[in-house]
Structure formats: structure tokens, C-alpha cells
2 protein chains.
Amino acid sequence: MTKKIFLYDTTLRDGAQTEGISYSLEDKLAITQKLDDLGIDYIEGGWPGSNPKDILYFQKAKKLKLKHAKVAAFGSTRHAKNKAEKDPNLQALIVAGTPVVTIFGKSWDLHVKYALRVSMEDNLAMIYDSVKYLKKKGKEVIYDAEHFFDGFKDNPEYAIRTLQMAEEAGADCLVLCDTNGGSLPFEVEEIVANVVRIVKSPIGIHAHNDADTAVANSVSAVKAGAIHVQGTINGLGERCGNGNLCSIIPALNLKMGLEALNQKQLAKLTAVSRYISEVANMVPNDHQPYVGLSAFTHKAGIHVSAVERKSETYEHIAPEVVGNHRRVLVSELSGKSNILFLAQKLGLELDPNKPETKEILQTVKELEHEGYQFEAAEASLEILIKKATGHHKKFFDLKGFKVIVERRNEELVSEATIKLFVGGELVHVAAEGDGPVNALDSALRKGLGKFYPQLAEMHLVDYKVRVLNTGAATAAKVRVLIESQDQDKIWATVGVSENIIEASWKALVDSIEYKLLKK
Amino acid sequence: MTKKIFLYDTTLRDGAQTEGISYSLEDKLAITQKLDDLGIDYIEGGWPGSNPKDILYFQKAKKLKLKHAKVAAFGSTRHAKNKAEKDPNLQALIVAGTPVVTIFGKSWDLHVKYALRVSMEDNLAMIYDSVKYLKKKGKEVIYDAEHFFDGFKDNPEYAIRTLQMAEEAGADCLVLCDTNGGSLPFEVEEIVANVVRIVKSPIGIHAHNDADTAVANSVSAVKAGAIHVQGTINGLGERCGNGNLCSIIPALNLKMGLEALNQKQLAKLTAVSRYISEVANMVPNDHQPYVGLSAFTHKAGIHVSAVERKSETYEHIAPEVVGNHRRVLVSELSGKSNILFLAQKLGLELDPNKPETKEILQTVKELEHEGYQFEAAEASLEILIKKATGHHKKFFDLKGFKVIVERRNEELVSEATIKLFVGGELVHVAAEGDGPVNALDSALRKGLGKFYPQLAEMHLVDYKVRVLNTGAATAAKVRVLIESQDQDKIWATVGVSENIIEASWKALVDSIEYKLLKK
């Protein structure tokens, strides 16, 4: 039987420390449900003793119907001056009413001296008493040994003593934390191997990414004997983040022959990663390993034909296994196979030998030469292919537009006017905006809205400008990339011109036509 | 003496494969200079045989005055059907005229069969002949063993044979590439240790980040005996990126007792990372280890007071060592040392205790909050400092400007009018241009030229646009970066606004004032 590794998610607690993140109560409950659905074993919901908002979360979380996951409440060992049964922090953990309680204690003598400022013996007693008390209350107790690796490097005997205190008091799992995130994987592997030889309890790992090695440190700890891994979805967490479960889980499952999730659960990983980005309102990292948009994206022509012959040649895992998919970029270096692959994915049959296919290739090449780039603008490519294959229709006829930006003394005004034929009518509209492109966008929607009410369902979510031949300075060509969204999906379009207004116009029109062609 | 590790940067070649990146020739030359200044040993400039743009780069790169770095041209082993001396790819490498040539060959039998489709013996001959030929031409030859780790796992004897071919032919360094990026650090460590036992040549590592372990894999390879590390600034590269030199270098220097850079060079790392983000027009990752804005950011509370008592308690390294700095979120203290450092570099004495210095810091802080970034726009910062210290004068007074972009049927016209007071005169001028910013630029020069004839000596060489809060779509804030040049030097200026015309205007005015303030 495959060895089981236990997953402990702290997206809701350590992940909430990420600069810029602030979950609502509803967010936290929805994420809990999602993590349970993914197959996470433990979900750390919050710190009831330090964050009053989290108290409410635990009240609500009790009512959630979870299939598998156990919710954990997080807190510290008792205060030096309190008895365990009178310690407000430990009381808050009991009140949270979770089956699992995780408490952290100090392993590093430096911290005992400079942060906690108690004696070395008092610290040991604090650990023992706190774990003992929680066990007496019937909790599954996970002990987080804060700064364990730094502590071990400084004073191994003392660091081990702190673990033994928790073990003797009955802790169910001892988690070695690299709190400052500065350890390297071979150090972690060696130290975990040492610990596993000395203590009997199950060992866990909790890594931070300050040395850019949190994923490596986590899997190295497992290799050395840890069976419990703490981390966050997308590596959320303060400073450089925590160990990224989206990378750790596939390594355990697919590269180390262990079972962190089952196959069906693993295939949900990409969706969960994107869901968390959405709820946390963080821009997803396209280059994120395994689950990122670009993780299985191929550019060069040779690569693509080799990947299609045998995917292992250029892919370390099959993207579908983690719920991701292969993308082929249509770029300068691309050959026919890239475009055919894309057309097929779009459900548009393209016969490689028909003249229309050659024509599309020729057009794409010419546009790329002009500075177009379709790799990040598949909707514009789709419109281009549809035009060439007779699947496109004209929705309006532009007669002209005019954009004026005027600064008079301190006031700045942007205004756009558009004249177009649509549904047999001549429409002439004007709008102001925050800048010339925004004014143009507003005017276009104003002019078309009456004829195509479905445009109200879409909105622009991203606008990027890239200057192409920067050497030409302000006369340089610019490429504008626009991302739009409706209730179903996100699509991207592109426009190129020496004139930024014109480039934006082209991308705007493609974006709107794509929406109108949908369904 | 500390053991030296050689750094081989491929930001310009593998990094150029990043989805969305497209360097201009000027960008590539500027980056080369920056990497040399950082202390990189080898700079891989491009692939002359596959990318015609790169041929021009190598012509220009020969004229750069580099302090330390050697430029390398990249290519593949000869084609199966060609003799080395007739192979166009190898010829292109010779024509590039670099002291160093890097060629890659196949180590993995699967690739020989499915990608290359030649016999196993032919592949060995291709490696041997190509290296031999380049050595005969007097080149320092670096051999990149593509897919080495996958090859070794599949067929270790053959993988080693390919290395031995390169070694026998005289290669100066054998670089083991984890091309698909799927290896874990303990595998890399073990395989490198194996190789080091068998071959005598210096060994290098080239890691990709598909398993989220490229940094760990790189340092693990060094631990096992590699002395040459390939990577990119900020981990740029296709799919999930390459080994991130911004994380690898500090690990080697600060955690492994090796010398990749000297202390002074290491302190430039953060600035170089931000410079590359700016030039590549990639949004910097605030959470990037070591060099990210949030890498040493502490939230209020226990952490902060502990950090202030003893920084090791919550920081794995001192941030200044890599040119970064500690941030404390409550007080929002940012950039003081950067500003003083920059002012000093510009030859402007700033007393940290004088009120004018505090005022500058306050202004910079406010502007940064608005989206300004002075790392890549020192001329704007210099103007700001000169204004605050009374070294600035007013050259003209703007009354207003108006920019019109009009499209009528197929014709597109951009026109700008500007009204300003200069030398006691009211000047009202109009000009057309290739786009609105170019029209504005032309009109401004037209209005000022009579009064400041030295403006004829300068021209704009670069124009970049970055959308800041992309979520706001076409109403988003944009940052415009302009580079200008005269007979002596190049300078960069910045402007930020929701309106791209206004942002461009600000950067244009700074650029012209900088020129007028010179001498």
C-alpha cells in the first residue's frame, strides 16, 4: 500500500498574513469547504486567541458539513505567568470547539532569551503543561516547534528537549517549523533524519519560502521521514510565503510514490489554486509550477512537434493529472503545427492542406511581423480564423472616431466621439473617461448597447501596453492587450499600431466581437 | 580562500523565452552592461543561429566595454547531416565573435529517438565533432547536456557517454541541464555526485522551475560538486522559469560559505532585480525571496519589537546584504537608504538629518505610493532632489495642451497644440505626429527650440508604458518611462497618471528639464 502523507493547510491562518490579503468570514467558510473537497486532512481555520474575527469563524465552521477534513484552531503555549487551565489563549482554543488544536512553542534558545524572555527551564514547562492540558481536554494536539531548524543549528540538545517535552505530554504530531524560512533542503533533510532517530512521535514539516526553497524543504523533510506537511494554497503567507501545497502535493504523489491525495482529488488542484486566487483577490502567477497558466505552455516549433509525438520529451508530468492543460503559443517561432493545434482546441476544423489554412498562416505571420502576438490573445486569433473560414459576421461599421485630451491650467479632460452604422442606423455618441482609452471604451459601449444588450454582461478586467520598437521612442509601435470577462469566461484580445489610441481601439473591437460571436 | 562559483546568466536567451517578454536590441545591450556591473562571469547573449535579431546584438556587444563578464553565444551541436565546419548553426556561433560558445546536445535516449531521430552513435559523434570544432577555433566551450537528469534516470551509461564525448573533445565545462524542470533536489544532489566521481571536467547546473525546486536543485548541485551555475535574474524563463540567480547567489554566498559574488556586488542584487523587471516590463513579484519588496516586511506586533531587539529572531539574513531593506507595515517606512544612496551616487550631498532631506523622502514616499518608481528613472529623481535643494530653475510655464486623435474613414491623424510662456513670450504651437505622444513631443520641442537650441542635441531613445492597477482596466493608472540621449549620456524619466497622455507629458518635461539643467 502507498504510504499516506497528511496534509495540513494553513491558507486561512498563515496565508492570511500575506500583505494585501483580508478574508471575509464568508470567504473563510467557502475556502474551508473547497479545501475539504480537495481532500486536505487538516484545515487550520485561525487563531481565536489573537484574532476576534476568528472566534466567529469557529462558531460557523462547526456547522459546515465536511466530508473528510478536520478543522484545527491555532494558538501558542500558555503564557509564562499563567497556569494552563487559567491561560486565556488556551481557553480560547478550547472554546473554538475544534477536534484538533495546534499550538506553537519555542525551540530556539535565542528566542527564549530575546523574544520570550523566560528561563530555558520555564520554556520547557510551558510546552509540557500546555500540551498536557489540551490532551486532557480530549483534543488531537499538533505541536508546532517554532524556529526548530535555527534552534537545532544553534543548540541541538535544547531543541530536541523541547520536542521531547511535547512528546511526553502526549502530542499527536511534532511539526518542525522553519519559521524564518532560511534553511536549505539538504540541511532540512539531515536535521529531520536526526530528529526521526531520536523521537518516536509522527513528525511534520512547516516551511517558509525566504530562501526560495520551501517546496524543496518540505519534500526533503518527507524523504527524511516526516509524514505531515503544512503549507498554503499558492504559497500564500507573509514575506515570501509558506510552502506551496500546489507544488508539494504533486511532488509527493507523482515523484515520490506517496499518497497525499488520491488521483481524482489531485485533478482538482488547478481549479482550487485559481479559486483561492480569486477569493483572495490576488493576481494569479501565470508561471506557477504545475497549476499556472504557462506551466505547460510551449513556444518553439520543434518543441511542439516533439511534444505531440511524445509528451514526456518536454513535460515533466502530464498536465491533466493536476487539472491543468497544455497550451501552444502562436508566436514568431511557430510553425503550422502550433496553429492547427490551437484551431483544434477552439473546435474549428482546419485542414492543413486547404488554401484557407495557408492563408491564415500567412496572415498570422504578417501580423506577427507587425508586432502582433497571439500567444496571450487567443480571442483575437479565434476571430481571425473565423473571418478566414466564413464563421464571422460584421456587427457594426465604423465611420470614424475622435479622441480629445485637453489640459487647460490644472484641469484635464478626456472625451471621445464615435460615429458608426449599426442595425441600419447611424449612431453618433460621445463620452468622457479617465484617460483617452477609457473614454473611447465608454463611447463604444454607449453606441452599441441598445443593439446588443448582452454587452452589459461583459467588462474589461485588464489592460496592458507594451512598446514594441522602443528605439523609435514616442513614435514607437505599441501593442495593447485587453482582457475581458463575462459570467462564463475570460478572453484576451490584441491590437497593434504606432498610435496607442488606434491599438486600443483594435483590441476593444475584437473583445466586443468575441462576446457577440459567443453562443 | 573561499571557493569561487562561476555565474552564467541566461536572462537574455532562456529568459527571453518568458511568455510576454520581448527585448529590444537596446534593452539587451543595457542588460548586458548591468549584469557585468553586478559581477556575473558569463552572459549568454542569444542564439545567433535561430534568431536573426541576435546576430545584430553580437555585433554591438563586441563594442561594449565590460569590466569582467565574458559574453557567450548559444547554439546547438551540428545537424546530423552536416560536417561541423559546414554547419550553419556552428558557423553563426563563430561569426558571433564571442570568447565563449555554449552548445547543447542530447543526453536522453528518448530525445535522441523521438526529437532528434538519429542513431545513438550519431548523437555521440555530433557532440564530439561540434565541441572539437569550436575548440579548434579557439573558443572557451561550455557544453549544455540537455535533459541530463531525465536521461540519467532512464539510461545512466548513455547519459554519461554523452558527457564523456564533450570532455574528450575538450569542452571547458559540462553543464547538467534539468530541461523539463521536474527533478527534486535530493535526486539532483545524488546524480551530480555520481557524475563528479566519473568525469574530470568542471561541472555546471542549469535548472528549470517546473517542480518549484530550481533554486534548491541548483544549490544541491553545488553542494555535490558543481562549480558553475546557470540561471536568470528573477527566474525569468519559459513555462515556470529558470533557476533564479537572485535566490541562488545569496544562498551560495551567505549560507554555503562560497563566493559567487563579492560583498559589494551582492549588495547590488535588489537593484538589478528591479531594473530587469522594469526593462522586461514584467510586474515585480513583491514576495520574491531576498529581493522582493515584501521579503523583509514585518507586520506590527511581537515580530517587530523582537526584530528590533535582535534581527536574527525573525530574519534569515540581514536585508542590506542583498541591497534590500526591512519594512515595517505600520510605519510604512520605505526607501530612505535607497534615496540617500542614489543622491550620493548622483553627487548630491544630502544630510540625513536636515529638514529638506526629510521633505524629499516624504515626497518620494508619496510619489511611490502613487506608482512612481525611481529605480529606473534617476533623472526624474535628480530633478526632484534639485527642486528641493534649490538647484532647479523653471524653464517654461505651461498654460495648456490639447491632443486630438481623429479617425475619419481610413485616415488617422494625431495633432497636439501647446500654449506656454517661455522667455517672457507666449508661445502657441501645433504639431502632428505618429500617435498622440509623438505629436505632443514634437509640439513641445517646436515651442522651446528657439529659446533652448541645445534641445536639438537630444532625442528620445526609449518609451515604455506599464499599467499599474490592471484590475481597473482602461481606467487604470499607467507609468510611462522615457529614455533620452544626447552626445554624452542616456537618462531616464518617469511620469504616472490615469491618463497616458498626462503620464507621458510628465516624463517628457522631466526629460527636457534634465537636458536643460545639464552643464
# chains A, B, ... in the order shown; residues from 1 in each chain; ligands from 1
$ select_by_dssp --residues "segment 236-406 of chain B" --states "helix (DSSP H, G or I)" --output "MDAnalysis selection string"
chainID B and resid 245:255 263:266 269:280 302:309 311:313 319:322 336:345 355:370 378:388
$ write_last_selection --atoms "C-alpha atoms" --output "JSON list (two decimals), in the first residue's frame"
[["chain", "number", "residue", "atom", "x", "y", "z"],
["B", 245, "LEU", "CA", 20.01, 33.81, -9.66],
["B", 246, "CYS", "CA", 18.57, 36.35, -7.22],
["B", 247, "SER", "CA", 17.92, 33.45, -4.83],
["B", 248, "ILE", "CA", 20.80, 31.16, -5.79],
["B", 249, "ILE", "CA", 23.56, 33.74, -5.37],
["B", 250, "PRO", "CA", 22.71, 34.71, -1.77],
["B", 251, "ALA", "CA", 22.37, 31.04, -0.81],
["B", 252, "LEU", "CA", 25.85, 30.29, -2.18],
["B", 253, "ASN", "CA", 27.42, 33.37, -0.61],
["B", 254, "LEU", "CA", 25.60, 33.64, 2.69],
["B", 255, "LYS", "CA", 24.54, 30.10, 3.52],
["B", 263, "GLN", "CA", 30.15, 41.62, -0.85],
["B", 264, "LYS", "CA", 29.91, 44.87, -2.74],
["B", 265, "GLN", "CA", 28.43, 43.17, -5.78],
["B", 266, "LEU", "CA", 25.95, 41.20, -3.68],
["B", 269, "LEU", "CA", 21.29, 42.37, -6.26],
["B", 270, "THR", "CA", 17.98, 44.02, -5.34],
["B", 271, "ALA", "CA", 18.61, 46.98, -7.64],
["B", 272, "VAL", "CA", 19.50, 44.68, -10.54],
["B", 273, "SER", "CA", 16.40, 42.56, -9.95],
["B", 274, "ARG", "CA", 14.16, 45.63, -10.09],
["B", 275, "TYR", "CA", 15.99, 47.02, -13.08],
["B", 276, "ILE", "CA", 15.40, 43.81, -15.05],
["B", 277, "SER", "CA", 11.70, 43.79, -14.13],
["B", 278, "GLU", "CA", 11.42, 47.31, -15.41],
["B", 279, "VAL", "CA", 13.29, 46.74, -18.68],
["B", 280, "ALA", "CA", 11.50, 43.45, -19.30],
["B", 302, "ILE", "CA", 5.66, 40.94, 18.64],
["B", 303, "HIS", "CA", 7.68, 40.37, 15.49],
["B", 304, "VAL", "CA", 8.66, 43.99, 15.13],
["B", 305, "SER", "CA", 9.88, 44.55, 18.65],
["B", 306, "ALA", "CA", 11.76, 41.23, 18.58],
["B", 307, "VAL", "CA", 13.28, 42.10, 15.22],
["B", 308, "GLU", "CA", 14.38, 45.43, 16.60],
["B", 309, "ARG", "CA", 15.94, 43.82, 19.65],
["B", 311, "SER", "CA", 17.14, 40.91, 13.89],
["B", 312, "GLU", "CA", 18.09, 37.23, 13.54],
["B", 313, "THR", "CA", 14.99, 36.32, 15.53],
["B", 319, "PRO", "CA", 18.36, 42.57, 4.18],
["B", 320, "GLU", "CA", 21.08, 45.16, 3.44],
["B", 321, "VAL", "CA", 23.49, 42.42, 2.46],
["B", 322, "VAL", "CA", 21.50, 41.89, -0.76],
["B", 336, "LYS", "CA", 15.29, 56.06, 2.87],
["B", 337, "SER", "CA", 18.59, 54.31, 2.38],
["B", 338, "ASN", "CA", 17.85, 53.91, -1.34],
["B", 339, "ILE", "CA", 17.30, 57.62, -1.74],
["B", 340, "LEU", "CA", 20.40, 58.57, 0.20],
["B", 341, "PHE", "CA", 22.36, 56.00, -1.75],
["B", 342, "LEU", "CA", 21.06, 57.36, -5.05],
["B", 343, "ALA", "CA", 21.62, 61.00, -4.09],
["B", 344, "GLN", "CA", 25.17, 60.18, -3.13],
["B", 345, "LYS", "CA", 25.67, 58.38, -6.43],
["B", 355, "PRO", "CA", 14.64, 69.07, 7.09],
["B", 356, "GLU", "CA", 14.99, 69.32, 3.29],
["B", 357, "THR", "CA", 16.12, 65.67, 3.27],
["B", 358, "LYS", "CA", 13.05, 64.65, 5.24],
["B", 359, "GLU", "CA", 10.93, 66.60, 2.79],
["B", 360, "ILE", "CA", 12.47, 64.80, -0.19],
["B", 361, "LEU", "CA", 11.92, 61.46, 1.50],
["B", 362, "GLN", "CA", 8.33, 62.40, 2.18],
["B", 363, "THR", "CA", 7.76, 63.44, -1.44],
["B", 364, "VAL", "CA", 9.40, 60.28, -2.79],
["B", 365, "LYS", "CA", 7.31, 58.17, -0.45],
["B", 366, "GLU", "CA", 4.13, 59.87, -1.63],
["B", 367, "LEU", "CA", 5.09, 59.54, -5.29],
["B", 368, "GLU", "CA", 5.98, 55.87, -4.83],
["B", 369, "HIS", "CA", 2.62, 55.35, -3.24],
["B", 370, "GLU", "CA", 1.07, 56.89, -6.39],
["B", 378, "GLU", "CA", 17.18, 58.50, -11.86],
["B", 379, "ALA", "CA", 16.92, 61.70, -13.92],
["B", 380, "SER", "CA", 13.43, 62.33, -12.52],
["B", 381, "LEU", "CA", 14.76, 61.73, -9.03],
["B", 382, "GLU", "CA", 17.63, 64.11, -9.65],
["B", 383, "ILE", "CA", 15.20, 66.83, -10.74],
["B", 384, "LEU", "CA", 13.12, 66.19, -7.65],
["B", 385, "ILE", "CA", 16.16, 66.49, -5.40],
["B", 386, "LYS", "CA", 17.37, 69.61, -7.24],
["B", 387, "LYS", "CA", 13.97, 71.21, -6.81],
["B", 388, "ALA", "CA", 14.05, 70.56, -3.07]]
$ interface_residues --of "chain B" --to "chain A" --cutoff "6 Å" --atoms "only C-alpha atoms" --output "PyMOL selection string"
chain B and resi 115+180+182+210-213+216+239-240+287-289+294-295+297+306+314-316+399-409+434-435+437-438+460-465+467+470-471+473-475+499
$ closest_residue --among "B:Gly323, B:His79, B:Phe396, B:Val95" --to "Arg117 of chain B" --atoms "only C-alpha atoms"
B:His79
$ calpha_fit_rmsd --fixed "chain B" --moving "chain A"
6.8 Å
$ residues_around --residues "Leu66 of chain B" --least-positions-apart "5" --cutoff "9 Å" --atoms "only C-alpha atoms" --output "PyMOL selection string"
chain B and resi 32-33+36-37
$ closest_residue --among "B:Ala30, B:Val118, B:Val101, B:Met126" --to "Thr77 of chain B" --atoms "only C-alpha atoms"
B:Met126
$ select_by_dssp --residues "segment 223-313 of chain B" --states "strand (DSSP E)" --output "PDB file with N, CA, C and O atoms, in the first residue's frame"
ATOM      1  N   HIS B 228      29.692  25.725 -11.416  1.00  0.00           N
ATOM      2  CA  HIS B 228      29.205  26.675 -12.426  1.00  0.00           C
ATOM      3  C   HIS B 228      27.681  26.605 -12.368  1.00  0.00           C
ATOM      4  O   HIS B 228      27.114  25.517 -12.389  1.00  0.00           O
ATOM      5  N   VAL B 229      27.042  27.765 -12.239  1.00  0.00           N
ATOM      6  CA  VAL B 229      25.579  27.783 -12.098  1.00  0.00           C
ATOM      7  C   VAL B 229      24.961  28.681 -13.152  1.00  0.00           C
ATOM      8  O   VAL B 229      25.317  29.849 -13.277  1.00  0.00           O
ATOM      9  N   GLN B 230      24.038  28.121 -13.909  1.00  0.00           N
ATOM     10  CA  GLN B 230      23.311  28.903 -14.911  1.00  0.00           C
ATOM     11  C   GLN B 230      21.931  29.272 -14.365  1.00  0.00           C
ATOM     12  O   GLN B 230      21.293  28.480 -13.690  1.00  0.00           O
ATOM     13  N   GLY B 231      21.501  30.464 -14.687  1.00  0.00           N
ATOM     14  CA  GLY B 231      20.180  30.884 -14.236  1.00  0.00           C
ATOM     15  C   GLY B 231      19.835  32.230 -14.826  1.00  0.00           C
ATOM     16  O   GLY B 231      20.567  32.757 -15.674  1.00  0.00           O
ATOM     17  N   THR B 297       9.464  42.248   5.243  1.00  0.00           N
ATOM     18  CA  THR B 297       8.393  43.100   5.729  1.00  0.00           C
ATOM     19  C   THR B 297       7.782  42.476   6.971  1.00  0.00           C
ATOM     20  O   THR B 297       7.445  41.304   6.973  1.00  0.00           O
ATOM     21  N   HIS B 298       7.663  43.272   8.008  1.00  0.00           N
ATOM     22  CA  HIS B 298       7.096  42.766   9.250  1.00  0.00           C
ATOM     23  C   HIS B 298       5.826  43.515   9.576  1.00  0.00           C
ATOM     24  O   HIS B 298       5.754  44.721   9.393  1.00  0.00           O
TER      25      HIS B 298
END
